[in-house]
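The file entry-v8.tsv contains TSV, C-alpha atoms and all ligand atoms:
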```
chain	number	residue	atom	x	y	z
U	1	MET	CA	120.42	-22.75	-31.12
U	2	LEU	CA	122.08	-23.38	-27.80
U	3	VAL	CA	121.88	-27.17	-27.97
U	4	PRO	CA	123.05	-29.16	-31.02
U	5	PRO	CA	120.19	-31.09	-32.71
U	6	TYR	CA	121.71	-34.47	-31.85
U	7	ILE	CA	121.56	-33.57	-28.14
U	8	ALA	CA	118.09	-32.02	-28.36
U	9	SER	CA	116.73	-35.21	-29.98
U	10	LEU	CA	118.56	-37.58	-27.63
U	11	ARG	CA	116.45	-39.83	-25.45
U	12	PRO	CA	118.14	-39.80	-22.05
U	13	TYR	CA	119.19	-43.05	-20.38
U	14	GLU	CA	116.25	-44.43	-18.44
U	15	PRO	CA	117.43	-46.36	-15.40
U	16	GLY	CA	115.37	-49.23	-14.01
U	17	ARG	CA	112.75	-48.21	-11.39
U	18	SER	CA	113.98	-47.98	-7.83
U	19	ALA	CA	112.67	-50.23	-5.05
U	20	ASP	CA	111.64	-47.20	-2.95
U	21	GLU	CA	109.60	-45.66	-5.74
U	22	VAL	CA	107.82	-48.94	-6.43
U	23	LYS	CA	107.10	-49.46	-2.72
U	24	ARG	CA	105.54	-45.99	-2.55
U	25	THR	CA	103.55	-46.30	-5.77
U	26	TYR	CA	102.09	-49.73	-5.08
U	27	GLY	CA	101.91	-49.55	-1.27
U	28	LEU	CA	104.28	-52.51	-0.82
U	29	THR	CA	106.64	-53.36	2.02
U	30	ARG	CA	108.81	-55.86	0.16
U	31	VAL	CA	110.17	-55.37	-3.32
U	32	ALA	CA	112.56	-57.55	-5.37
U	33	LYS	CA	114.54	-55.42	-7.79
U	34	LEU	CA	115.39	-57.68	-10.70
U	35	ALA	CA	115.82	-54.88	-13.19
U	36	SER	CA	119.40	-53.64	-13.29
U	37	ASN	CA	121.65	-56.72	-13.18
U	38	GLU	CA	122.94	-55.81	-9.74
U	39	ASN	CA	124.37	-58.26	-7.23
U	40	PRO	CA	121.51	-59.40	-4.98
U	41	LEU	CA	123.96	-60.36	-2.21
U	42	GLY	CA	124.93	-56.72	-1.73
U	43	ALA	CA	128.45	-55.34	-1.96
U	44	SER	CA	131.67	-57.31	-1.47
U	45	PRO	CA	132.19	-57.29	2.34
U	46	LEU	CA	135.94	-56.75	1.91
U	47	ALA	CA	135.22	-53.69	-0.24
U	48	VAL	CA	132.79	-52.31	2.35
U	49	ASP	CA	135.36	-52.77	5.14
U	50	ALA	CA	138.02	-51.04	3.04
U	51	MET	CA	135.75	-48.08	2.30
U	52	ARG	CA	134.86	-47.78	6.00
U	53	ALA	CA	138.53	-47.75	6.91
U	54	HIS	CA	139.18	-44.89	4.49
U	55	LEU	CA	136.10	-42.76	5.15
U	56	THR	CA	137.97	-40.18	7.17
U	57	GLU	CA	140.54	-39.62	4.44
U	58	VAL	CA	138.15	-38.22	1.87
U	59	ASN	CA	139.53	-34.71	2.42
U	60	ILE	CA	142.49	-35.80	0.27
U	61	TYR	CA	142.26	-35.81	-3.54
U	62	PRO	CA	142.56	-39.26	-5.15
U	63	ASN	CA	145.55	-40.13	-7.34
U	64	GLY	CA	143.66	-40.67	-10.60
U	65	GLY	CA	143.30	-44.41	-10.17
U	66	LEU	CA	147.00	-45.24	-10.00
U	67	ASP	CA	146.77	-47.56	-6.97
U	68	LEU	CA	143.98	-49.53	-8.57
U	69	ARG	CA	145.75	-49.66	-11.93
U	70	GLU	CA	148.82	-51.10	-10.20
U	71	ARG	CA	146.75	-53.71	-8.41
U	72	LEU	CA	144.94	-54.64	-11.66
U	73	ALA	CA	148.24	-54.88	-13.52
U	74	THR	CA	149.47	-57.42	-10.97
U	75	GLU	CA	146.19	-59.31	-10.96
U	76	PHE	CA	146.03	-59.64	-14.76
U	77	ASP	CA	149.76	-59.77	-15.44
U	78	VAL	CA	150.01	-56.67	-17.65
U	79	LYS	CA	151.89	-53.39	-17.41
U	80	VAL	CA	150.32	-50.45	-15.56
U	81	ALA	CA	150.59	-48.55	-18.86
U	82	ASN	CA	148.05	-50.99	-20.31
U	83	VAL	CA	145.41	-50.35	-17.64
U	84	ILE	CA	142.91	-47.57	-17.06
U	85	ALA	CA	140.49	-47.15	-14.16
U	86	GLY	CA	137.48	-44.86	-14.18
U	87	SER	CA	134.01	-44.06	-12.91
U	88	GLY	CA	132.45	-47.33	-14.01
U	89	SER	CA	133.00	-48.84	-17.41
U	90	ASP	CA	130.43	-46.29	-18.58
U	91	GLY	CA	132.83	-43.53	-17.53
U	92	ILE	CA	135.64	-45.11	-19.54
U	93	MET	CA	133.34	-45.59	-22.54
U	94	SER	CA	132.51	-41.92	-22.39
U	95	ASN	CA	136.23	-41.11	-22.46
U	96	ILE	CA	136.77	-43.40	-25.44
U	97	ILE	CA	134.06	-41.57	-27.34
U	98	ARG	CA	135.60	-38.23	-26.47
U	99	ALA	CA	139.15	-39.26	-27.24
U	100	PHE	CA	138.76	-41.10	-30.54
U	101	LEU	CA	135.71	-39.90	-32.49
U	102	CYS	CA	135.85	-37.10	-35.05
U	103	ASP	CA	132.70	-35.52	-36.50
U	104	ASP	CA	132.67	-37.63	-39.68
U	105	ASP	CA	133.37	-40.95	-38.01
U	106	GLU	CA	130.80	-43.68	-37.61
U	107	VAL	CA	130.20	-46.13	-34.81
U	108	LEU	CA	128.95	-49.59	-35.58
U	109	THR	CA	127.29	-52.14	-33.35
U	110	THR	CA	124.35	-54.48	-33.12
U	111	GLU	CA	120.75	-53.37	-33.17
U	112	SER	CA	119.39	-52.89	-29.63
U	113	ALA	CA	122.85	-52.75	-28.10
U	114	PHE	CA	123.45	-51.96	-24.42
U	115	ILE	CA	121.51	-48.78	-23.81
U	116	GLY	CA	124.39	-47.04	-21.99
U	117	PHE	CA	126.54	-47.29	-25.11
U	118	GLN	CA	123.68	-46.19	-27.38
U	119	VAL	CA	123.14	-43.01	-25.36
U	120	LEU	CA	126.85	-42.17	-25.10
U	121	ALA	CA	127.56	-42.74	-28.79
U	122	ARG	CA	124.51	-40.81	-29.96
U	123	SER	CA	125.43	-37.91	-27.67
U	124	ARG	CA	128.58	-37.41	-29.74
U	125	GLY	CA	126.47	-36.62	-32.83
U	126	VAL	CA	128.27	-39.05	-35.15
U	127	ALA	CA	126.55	-41.59	-37.40
U	128	TYR	CA	125.39	-44.60	-35.36
U	129	ARG	CA	124.98	-47.70	-37.51
U	130	THR	CA	123.73	-51.13	-36.57
U	131	VAL	CA	123.17	-54.59	-38.00
U	132	PRO	CA	120.40	-56.91	-36.75
U	133	TYR	CA	120.96	-59.75	-34.32
U	134	ARG	CA	121.22	-63.26	-35.70
U	135	ASN	CA	119.24	-65.51	-33.40
U	136	TRP	CA	119.78	-62.99	-30.57
U	137	HIS	CA	123.56	-63.12	-31.03
U	138	TYR	CA	125.86	-60.47	-32.44
U	139	ASP	CA	126.11	-61.16	-36.17
U	140	LEU	CA	129.86	-60.72	-36.40
U	141	GLU	CA	129.92	-61.64	-40.07
U	142	ALA	CA	127.40	-58.93	-40.93
U	143	LEU	CA	129.23	-56.46	-38.70
U	144	ALA	CA	132.52	-57.12	-40.47
U	145	ALA	CA	130.79	-56.63	-43.82
U	146	ALA	CA	129.23	-53.36	-42.62
U	147	ILE	CA	132.57	-51.68	-41.80
U	148	THR	CA	133.20	-48.70	-44.10
U	149	GLU	CA	136.06	-46.20	-44.42
U	150	LYS	CA	134.22	-44.05	-41.93
U	151	THR	CA	133.85	-46.67	-39.23
U	152	LYS	CA	135.99	-45.71	-36.24
U	153	ILE	CA	134.52	-47.74	-33.37
U	154	VAL	CA	132.89	-51.15	-33.28
U	155	TYR	CA	131.19	-51.89	-29.98
U	156	LEU	CA	130.76	-55.52	-28.87
U	157	ALA	CA	129.44	-56.57	-25.48
U	158	ASN	CA	130.33	-60.13	-24.52
U	159	PRO	CA	128.21	-61.40	-22.78
U	160	ASN	CA	125.73	-59.05	-24.36
U	161	ASN	CA	123.19	-56.96	-22.50
U	162	PRO	CA	120.18	-57.36	-22.94
U	163	THR	CA	120.29	-60.79	-24.62
U	164	GLY	CA	122.84	-62.48	-22.30
U	165	THR	CA	124.38	-64.31	-25.28
U	166	ILE	CA	128.08	-64.64	-26.08
U	167	PHE	CA	130.19	-64.93	-29.20
U	168	THR	CA	133.00	-67.49	-29.18
U	169	LYS	CA	136.74	-67.08	-29.61
U	170	HIS	CA	136.52	-68.71	-33.02
U	171	GLU	CA	133.81	-66.26	-34.11
U	172	PHE	CA	135.78	-63.29	-32.82
U	173	ASP	CA	139.02	-64.44	-34.51
U	174	GLU	CA	137.18	-64.75	-37.81
U	175	PHE	CA	135.66	-61.28	-37.35
U	176	TYR	CA	138.96	-59.73	-36.32
U	177	ARG	CA	140.63	-60.82	-39.58
U	178	HIS	CA	138.27	-58.46	-41.42
U	179	VAL	CA	138.71	-55.41	-39.21
U	180	PRO	CA	141.17	-52.76	-40.42
U	181	GLU	CA	143.71	-51.60	-37.84
U	182	ARG	CA	142.31	-48.07	-37.91
U	183	VAL	CA	139.05	-49.33	-36.37
U	184	LEU	CA	138.88	-49.47	-32.59
U	185	ILE	CA	137.00	-52.44	-31.14
U	186	ILE	CA	135.45	-51.94	-27.71
U	187	LEU	CA	135.03	-55.32	-26.05
U	188	ASP	CA	132.68	-54.65	-23.18
U	189	GLU	CA	133.09	-57.49	-20.69
U	190	ALA	CA	130.90	-56.14	-17.87
U	191	TYR	CA	129.65	-59.70	-17.25
U	192	PHE	CA	133.04	-61.38	-17.80
U	193	GLU	CA	133.14	-63.18	-14.43
U	194	TYR	CA	129.81	-64.91	-15.08
U	195	ALA	CA	130.94	-66.29	-18.45
U	196	LYS	CA	134.65	-66.91	-17.99
U	197	ASP	CA	134.33	-70.57	-17.02
U	198	ASN	CA	132.53	-71.40	-20.23
U	199	PRO	CA	135.26	-72.93	-22.45
U	200	ARG	CA	133.69	-71.32	-25.51
U	201	TYR	CA	133.95	-67.83	-24.00
U	202	PRO	CA	136.88	-65.78	-25.26
U	203	ASP	CA	138.65	-63.98	-22.42
U	204	SER	CA	139.92	-61.02	-24.40
U	205	MET	CA	143.02	-60.74	-22.18
U	206	HIS	CA	144.33	-63.71	-24.12
U	207	TYR	CA	144.48	-61.83	-27.38
U	208	ARG	CA	145.76	-58.33	-26.88
U	209	TYR	CA	145.62	-56.47	-30.15
U	210	ASP	CA	146.61	-52.86	-30.70
U	211	ASN	CA	143.10	-51.75	-31.67
U	212	VAL	CA	141.10	-53.58	-28.99
U	213	ILE	CA	140.09	-52.14	-25.66
U	214	THR	CA	138.61	-54.44	-23.03
U	215	LEU	CA	136.25	-52.91	-20.48
U	216	ARG	CA	135.30	-54.51	-17.18
U	217	THR	CA	133.51	-53.38	-14.08
U	218	PHE	CA	133.19	-53.77	-10.33
U	219	SER	CA	129.46	-53.02	-10.63
U	220	LYS	CA	128.23	-56.55	-11.23
U	221	ILE	CA	129.90	-59.54	-9.56
U	222	TYR	CA	131.57	-57.36	-6.90
U	223	GLY	CA	128.31	-55.56	-6.07
U	224	LEU	CA	129.75	-52.04	-6.32
U	225	ALA	CA	127.40	-50.45	-8.88
U	226	GLY	CA	126.70	-47.48	-6.61
U	227	ILE	CA	130.32	-46.56	-6.04
U	228	ARG	CA	131.14	-46.29	-9.79
U	229	VAL	CA	134.35	-48.08	-10.55
U	230	GLY	CA	135.41	-49.88	-13.72
U	231	TYR	CA	138.59	-50.59	-15.63
U	232	GLY	CA	139.98	-51.32	-19.04
U	233	PHE	CA	142.97	-52.87	-20.78
U	234	ALA	CA	144.47	-51.72	-24.07
U	235	HIS	CA	147.67	-50.87	-25.91
U	236	GLU	CA	149.65	-48.29	-23.96
U	237	ASP	CA	149.16	-45.61	-26.65
U	238	LEU	CA	145.39	-45.97	-26.41
U	239	ILE	CA	145.55	-45.81	-22.63
U	240	ALA	CA	147.86	-42.77	-22.72
U	241	ASN	CA	145.34	-40.90	-24.88
U	242	LEU	CA	142.43	-41.92	-22.68
U	243	LEU	CA	144.30	-40.68	-19.63
U	244	LYS	CA	144.53	-37.26	-21.29
U	245	VAL	CA	140.76	-36.85	-21.52
U	246	LYS	CA	139.54	-38.60	-18.40
U	247	LEU	CA	138.51	-36.50	-15.42
U	248	THR	CA	141.69	-36.05	-13.40
U	249	PHE	CA	140.33	-37.40	-10.15
U	250	GLU	CA	138.22	-40.34	-11.28
U	251	PRO	CA	137.81	-42.91	-9.84
U	252	SER	CA	137.13	-41.50	-6.38
U	253	SER	CA	139.37	-42.59	-3.52
U	254	LEU	CA	136.61	-44.75	-1.99
U	255	ALA	CA	135.93	-46.36	-5.37
U	256	GLN	CA	139.61	-47.11	-5.68
U	257	VAL	CA	140.03	-48.77	-2.26
U	258	ALA	CA	136.79	-50.68	-2.83
U	259	GLY	CA	138.04	-52.05	-6.14
U	260	ILE	CA	141.41	-53.06	-4.70
U	261	ALA	CA	139.80	-54.89	-1.79
U	262	ALA	CA	137.10	-56.49	-3.95
U	263	LEU	CA	139.69	-58.22	-6.11
U	264	ASP	CA	140.68	-60.24	-3.04
U	265	ASP	CA	137.13	-61.19	-2.17
U	266	ARG	CA	137.20	-64.63	-3.80
U	267	GLU	CA	134.67	-66.02	-1.35
U	268	PHE	CA	132.10	-63.35	-2.27
U	269	VAL	CA	132.67	-63.89	-5.98
U	270	HIS	CA	132.25	-67.63	-5.52
U	271	ARG	CA	129.00	-67.23	-3.57
U	272	SER	CA	127.70	-64.74	-6.13
U	273	LEU	CA	128.44	-67.07	-9.02
U	274	GLU	CA	126.75	-70.02	-7.33
U	275	LEU	CA	123.65	-68.01	-6.49
U	276	ASN	CA	123.48	-66.67	-10.03
U	277	ALA	CA	123.86	-70.08	-11.68
U	278	ARG	CA	121.16	-71.52	-9.44
U	279	GLY	CA	118.81	-68.55	-10.00
U	280	ARG	CA	119.27	-68.42	-13.75
U	281	LYS	CA	118.43	-72.10	-14.09
U	282	PHE	CA	115.44	-71.83	-11.77
U	283	ILE	CA	113.98	-68.77	-13.53
U	284	ALA	CA	114.59	-70.09	-17.05
U	285	ALA	CA	112.99	-73.45	-16.21
U	286	ALA	CA	109.92	-71.79	-14.69
U	287	ILE	CA	109.48	-69.49	-17.68
U	288	ALA	CA	109.85	-72.42	-20.08
U	289	ARG	CA	107.16	-74.34	-18.16
U	290	MET	CA	104.81	-71.46	-18.84
U	291	GLY	CA	105.43	-71.77	-22.54
U	292	PHE	CA	107.52	-68.61	-22.92
U	293	GLU	CA	110.94	-68.54	-24.49
U	294	THR	CA	114.08	-67.42	-22.65
U	295	ILE	CA	117.32	-66.72	-24.41
U	296	PRO	CA	120.13	-68.93	-23.05
U	297	SER	CA	122.20	-66.52	-20.97
U	298	GLU	CA	125.81	-66.41	-19.81
U	299	ALA	CA	125.23	-63.41	-17.53
U	300	ASN	CA	123.23	-62.55	-14.39
U	301	PHE	CA	119.92	-62.03	-16.19
U	302	VAL	CA	117.68	-63.63	-18.76
U	303	MET	CA	115.82	-62.01	-21.61
U	304	VAL	CA	112.26	-63.08	-22.33
U	305	PRO	CA	110.84	-62.24	-25.77
U	306	LEU	CA	107.03	-62.09	-25.62
U	307	GLU	CA	104.45	-62.09	-28.36
U	308	SER	CA	103.91	-58.33	-28.42
U	309	PRO	CA	104.81	-55.06	-26.69
U	310	SER	CA	101.45	-55.08	-24.94
U	311	VAL	CA	102.11	-58.52	-23.39
U	312	ALA	CA	105.55	-57.26	-22.24
U	313	ALA	CA	103.95	-54.14	-20.71
U	314	TRP	CA	101.25	-56.24	-19.07
U	315	MET	CA	103.75	-58.67	-17.55
U	316	THR	CA	105.93	-55.80	-16.28
U	317	GLU	CA	102.97	-54.07	-14.65
U	318	GLU	CA	101.48	-57.22	-13.10
U	319	LEU	CA	104.87	-58.11	-11.62
U	320	LEU	CA	105.27	-54.58	-10.25
U	321	LYS	CA	101.95	-54.91	-8.43
U	322	ARG	CA	103.37	-58.04	-6.79
U	323	GLY	CA	106.57	-56.28	-5.77
U	324	ILE	CA	108.90	-57.45	-8.54
U	325	ILE	CA	110.70	-54.96	-10.75
U	326	VAL	CA	111.85	-56.33	-14.10
U	327	ARG	CA	113.22	-54.35	-17.02
U	328	PRO	CA	110.99	-53.73	-20.04
U	329	LEU	CA	113.27	-53.29	-23.04
U	330	GLY	CA	111.47	-50.62	-25.05
U	331	ALA	CA	114.33	-48.15	-24.50
U	332	PHE	CA	116.78	-50.69	-25.93
U	333	GLY	CA	114.57	-50.98	-29.03
U	334	LEU	CA	112.95	-54.30	-28.03
U	335	PRO	CA	109.47	-53.34	-26.79
U	336	HIS	CA	108.20	-56.96	-26.88
U	337	CYS	CA	110.95	-58.18	-24.53
U	338	VAL	CA	111.64	-58.02	-20.81
U	339	ARG	CA	114.90	-58.68	-19.02
U	340	ILE	CA	114.94	-60.31	-15.59
U	341	SER	CA	118.03	-60.20	-13.36
U	342	THR	CA	118.66	-63.08	-11.00
U	343	GLY	CA	117.96	-62.27	-7.35
U	344	THR	CA	118.35	-63.95	-4.00
U	345	ASP	CA	116.73	-67.39	-3.73
U	346	GLU	CA	113.78	-65.69	-2.03
U	347	ASP	CA	113.47	-63.07	-4.80
U	348	ASN	CA	113.58	-65.76	-7.46
U	349	ARG	CA	110.91	-67.80	-5.70
U	350	LEU	CA	108.67	-64.72	-5.42
U	351	LEU	CA	109.18	-64.05	-9.13
U	352	VAL	CA	108.34	-67.59	-10.16
U	353	ASP	CA	105.26	-67.76	-7.90
U	354	SER	CA	104.06	-64.46	-9.35
U	355	LEU	CA	104.69	-65.56	-12.93
U	356	GLU	CA	102.71	-68.73	-12.24
U	357	GLN	CA	99.79	-66.65	-10.98
U	358	LEU	CA	99.97	-64.49	-14.11
U	359	HIS	CA	100.08	-67.53	-16.31
U	360	VAL	CA	96.92	-68.92	-14.77
U	361	LYS	CA	95.26	-65.52	-15.13
U	362	GLU	CA	96.32	-65.26	-18.76
U	363	VAL	CA	95.11	-68.76	-19.61
U	364	VAL	CA	91.74	-68.06	-17.94
U	365	CYS	CA	91.39	-64.73	-19.79
U	366	ARG	CA	92.11	-66.34	-23.11
U	367	SER	CA	89.83	-69.34	-22.76
M	401	LIG	C1	127.13	-54.34	-21.13
M	401	LIG	C2	127.30	-53.34	-20.06
M	401	LIG	N1	128.34	-52.52	-20.11
M	401	LIG	C3	128.58	-51.58	-19.18
M	401	LIG	C4	127.70	-51.44	-18.11
M	401	LIG	C5	127.95	-50.32	-17.15
M	401	LIG	O1	128.71	-50.72	-16.13
M	401	LIG	P1	129.31	-49.65	-15.10
M	401	LIG	O2	128.44	-49.71	-13.91
M	401	LIG	O3	130.69	-50.15	-14.86
M	401	LIG	O4	129.32	-48.32	-15.74
M	401	LIG	C6	126.60	-52.26	-18.00
M	401	LIG	C7	125.66	-52.07	-16.89
M	401	LIG	O5	124.56	-52.51	-16.88
M	401	LIG	C8	126.39	-53.23	-19.00
M	401	LIG	O6	125.32	-54.02	-18.96
```

Output the file's structure in the form of structure tokens.
Amino acid sequence: MLVPPYIASLRPYEPGRSADEVKRTYGLTRVAKLASNENPLGASPLAVDAMRAHLTEVNIYPNGGLDLRERLATEFDVKVANVIAGSGSDGIMSNIIRAFLCDDDEVLTTESAFIGFQVLARSRGVAYRTVPYRNWHYDLEALAAAITEKTKIVYLANPNNPTGTIFTKHEFDEFYRHVPERVLIILDEAYFEYAKDNPRYPDSMHYRYDNVITLRTFSKIYGLAGIRVGYGFAHEDLIANLLKVKLTFEPSSLAQVAGIAALDDREFVHRSLELNARGRKFIAAAIARMGFETIPSEANFVMVPLESPSVAAWMTEELLKRGIIVRPLGAFGLPHCVRISTGTDEDNRLLVDSLEQLHVKEVVCRS
């Protein structure tokens, strides 16, 4: 057989639906895309200016991320040897899987983990083991207990996607005491900037261990999801091995200048955080008024568990008809849940008005 069975049986990553496709399908002129945890304010203006200024230099090969690594090293007060930059944090995750997993190794994470990690890990054909959530949080105690001699990678997203929950420094410290040094912990901090001001949130830069790799991204708060640029911090030996397997020329030169400029865009980050905090509160309050639960989130989205997969599918479809794209979580393994990213104030208002209409419809249908 040409394709190994673990690739043949792999369910490919399903991205959220695009605004253009939804406009075409439903004959709409305005669509709010609240499905992929993107920045509703657009891209960092400083990053856009920097990319514009470098557009005519794309005939030259990039330098493998070195400029960005240097800038990140200064920003976060670490050595360049401790930093990697790549095509999104997804790109770096893919390199971690390639660099560190052998055929008999196992990866361990929570049930219904971030779909991008699920797809990448399963594509390597190694055993993929999970433990259930505890109250929609990573159950770090159960994860520590589930580590075997074969466990090579433990994947933790903090804040987590799709639940939006965090684990605390105290919880992580307790967990870490039980993890053998031969196990690599991936701490995926894609939503770091949204959570970092919470005093209970552990910024993993404050505890650099030899077997921990922190991953972060420019896709979320900096609004650069389309340009594909992310970064990571780890012990220099880990980074040196990752550099061996990464594609020589990732990140692209435009991604690199965008990342460097975005780090200076404090005003954009500030505005994005304020909009997100306002939107998250507004959406969660409206959903609670309708009698649905939302999971308290530290990121730029909220997860809504519903009573059944059919209610989740119904809500998703009814919102689509009204021009709002949310993310049904069947592919994550949570078919009764939907995830809603925060949007602009106008998007959020449209969402809440639409949910209120649905609620009335649902109550009328039931009575
Ligand atoms: C937890 C988590 N990690 C990583 C990513 C991927 O980020 P990037 O765009 O940097 O590949 C996402 C994107 O949704 C995410 O939610």

Point to revise | Protein and nucleic acid residues within 7 Å of ligand LIG 401 (chain M) (only C-alpha atoms and all ligand atoms) as a ChimeraX atom specification | key: /U:36-37,87-91,114,116,157,160-161,188-190,216-219,225,228-230

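Residues lying within 10 Å of Cys102 in chain U, counting all atoms listed in the file and ignoring same-chain neighbours fewer than 2 positions away, are Ile97, Arg98, Ala99, Phe100, Asp104, Asp105, Glu106, Arg124, Gly125, Val126, Lys150 and Lys152 of chain U.
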
**Study point:** For Pro40 in chain U, the nearest of the candidates U:Ser341, U:Thr214, U:Ser9, U:Asn63, counting all atoms listed in the file
**Key:** U:Ser341

Practice item. Could you jot down the CA of Ser272 in chain U to CA of Arg208 in chain U separation for me, Å, one decimal place? Key: 28.2 Å

Check your understanding: Could you name the residues that touch Ile340 in chain U at 7 Å or less, counting only C-alpha atoms, but leaving out those on the same chain fewer than 3 positions away, as number ranges by chain?
Key -> U: 34-35, 301-303, 326-327

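One distance worth recording is that between CA of Arg30 in chain U and CA of Gln357 in chain U, which is 17.9 Å.
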
**Study point:** Contacts of range 20-25 of chain U within 10 Å, only C-alpha atoms, excl. fewer than 6 positions in-chain, as a PyMOL selection string
**Key:** chain U and resi 31-33+320-321+323-325

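Look at everything within 10 Å of (140.7, -63.7, -21.1) using all atoms listed in the file, and the residues you get are Phe76, Lys169, Glu189, Phe192, Lys196, Tyr201, Pro202, Asp203, Ser204, Met205, His206, Tyr207, Arg208 and Thr214 of chain U.
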
Practice item. Grab the CA of Leu68 in chain U to CA of Gln256 in chain U distance for me, in Å with one decimal place. Key: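 Between CA of Leu68 in chain U and CA of Gln256 in chain U the gap is 5.8 Å.
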
**Study point:** Selected residue, from U:Glu149, U:Glu38, U:Asp237, U:Asp49, that lies nearest to Val83 in chain U when counting only C-alpha atoms
**Key:** U:Asp237

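Between Leu215 in chain U and the candidates U:Glu141, U:Phe233, U:Pro309, U:Ala258, the tightest atom-to-atom separation, counting all atoms listed in the file, involves U:Phe233.
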
Practice item. May I ask which of the residues U:Pro132, U:Pro45, U:Gly86, U:Pro328 is the closest one to Ile239 in chain U, counting all atoms listed in the file? Key: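 Using all atoms listed in the file, Ile239 in chain U sits closest to U:Gly86.
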
**Study point:** Long-range neighbours of Ile260 in chain U as a PyMOL selection string, 9 Å cut-off, all atoms listed in the file, 2 positions minimum in chain
**Key:** chain U and resi 47+50+67-68+71-72+255-258+262-264

Residue contacts of Glu14 in chain U (10 Å, all atoms listed in the file) excluding same-chain residues fewer than 6 positions away, as a PDB file with C-alpha atoms, in the frame of the given file:
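This is the output file part_2.pdb:
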```pdb
ATOM      1  CA  ILE U 115     121.510 -48.780 -23.810  1.00  0.00           C
ATOM      2  CA  GLY U 116     124.390 -47.040 -21.990  1.00  0.00           C
ATOM      3  CA  VAL U 119     123.140 -43.010 -25.360  1.00  0.00           C
ATOM      4  CA  ALA U 331     114.330 -48.150 -24.500  1.00  0.00           C
ATOM      5  CA  PHE U 332     116.780 -50.690 -25.930  1.00  0.00           C
TER       6      PHE U 332
END
```

Study note, to complete from the structure: Of U:Leu108, U:Arg322, U:Asp265, U:Val338, the one nearest to Ser310 in chain U when counting all atoms listed in the file is U:Val338

**Study point:** Selection as a PyMOL selection string: residues within 10 Å of (122.2, -54.3, -27.8), counting all atoms listed in the file
**Key:** chain U and resi 109-118+130+132-133+136-138+155-157+160-164+332-334

Export of the given selection (C-alpha atoms) as a tab-separated table (two decimals), in the coordinates of the input:
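Listed below is the output, part.tsv:
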```tsv
chain	number	residue	atom	x	y	z
U	109	THR	CA	127.29	-52.14	-33.35
U	110	THR	CA	124.35	-54.48	-33.12
U	111	GLU	CA	120.75	-53.37	-33.17
U	112	SER	CA	119.39	-52.89	-29.63
U	113	ALA	CA	122.85	-52.75	-28.10
U	114	PHE	CA	123.45	-51.96	-24.42
U	115	ILE	CA	121.51	-48.78	-23.81
U	116	GLY	CA	124.39	-47.04	-21.99
U	117	PHE	CA	126.54	-47.29	-25.11
U	118	GLN	CA	123.68	-46.19	-27.38
U	130	THR	CA	123.73	-51.13	-36.57
U	132	PRO	CA	120.40	-56.91	-36.75
U	133	TYR	CA	120.96	-59.75	-34.32
U	136	TRP	CA	119.78	-62.99	-30.57
U	137	HIS	CA	123.56	-63.12	-31.03
U	138	TYR	CA	125.86	-60.47	-32.44
U	155	TYR	CA	131.19	-51.89	-29.98
U	156	LEU	CA	130.76	-55.52	-28.87
U	157	ALA	CA	129.44	-56.57	-25.48
U	160	ASN	CA	125.73	-59.05	-24.36
U	161	ASN	CA	123.19	-56.96	-22.50
U	162	PRO	CA	120.18	-57.36	-22.94
U	163	THR	CA	120.29	-60.79	-24.62
U	164	GLY	CA	122.84	-62.48	-22.30
U	332	PHE	CA	116.78	-50.69	-25.93
U	333	GLY	CA	114.57	-50.98	-29.03
U	334	LEU	CA	112.95	-54.30	-28.03
```

Check your understanding: Hey, which of U:Ile221, U:Ala195, U:Ala313, U:Leu28 ends up closest to Leu275 in chain U? Count only C-alpha atoms.
Key -> U:Ile221

Export range 30-37 of chain U of the preceding structure, keeping N, CA and C atoms, as a tab-separated table (two decimals), in the first residue's frame.
```
chain	number	residue	atom	x	y	z
U	30	ARG	N	-23.39	40.64	4.42
U	30	ARG	CA	-22.53	40.88	5.58
U	30	ARG	C	-22.41	39.60	6.41
U	31	VAL	N	-21.19	39.23	6.70
U	31	VAL	CA	-20.97	38.02	7.49
U	31	VAL	C	-20.00	38.32	8.62
U	32	ALA	N	-20.30	37.83	9.82
U	32	ALA	CA	-19.36	37.96	10.96
U	32	ALA	C	-18.72	36.59	11.16
U	33	LYS	N	-17.41	36.54	10.98
U	33	LYS	CA	-16.73	35.25	11.14
U	33	LYS	C	-16.22	35.14	12.58
U	34	LEU	N	-16.93	34.36	13.36
U	34	LEU	CA	-16.56	34.20	14.77
U	34	LEU	C	-16.19	32.74	15.01
U	35	ALA	N	-15.41	32.21	14.08
U	35	ALA	CA	-15.19	30.76	14.08
U	35	ALA	C	-13.74	30.34	14.27
U	36	SER	N	-12.79	31.23	14.07
U	36	SER	CA	-11.40	30.75	14.05
U	36	SER	C	-10.48	31.52	14.98
U	37	ASN	N	-11.05	32.22	15.96
U	37	ASN	CA	-10.26	32.92	16.98
U	37	ASN	C	-9.26	33.89	16.36
```
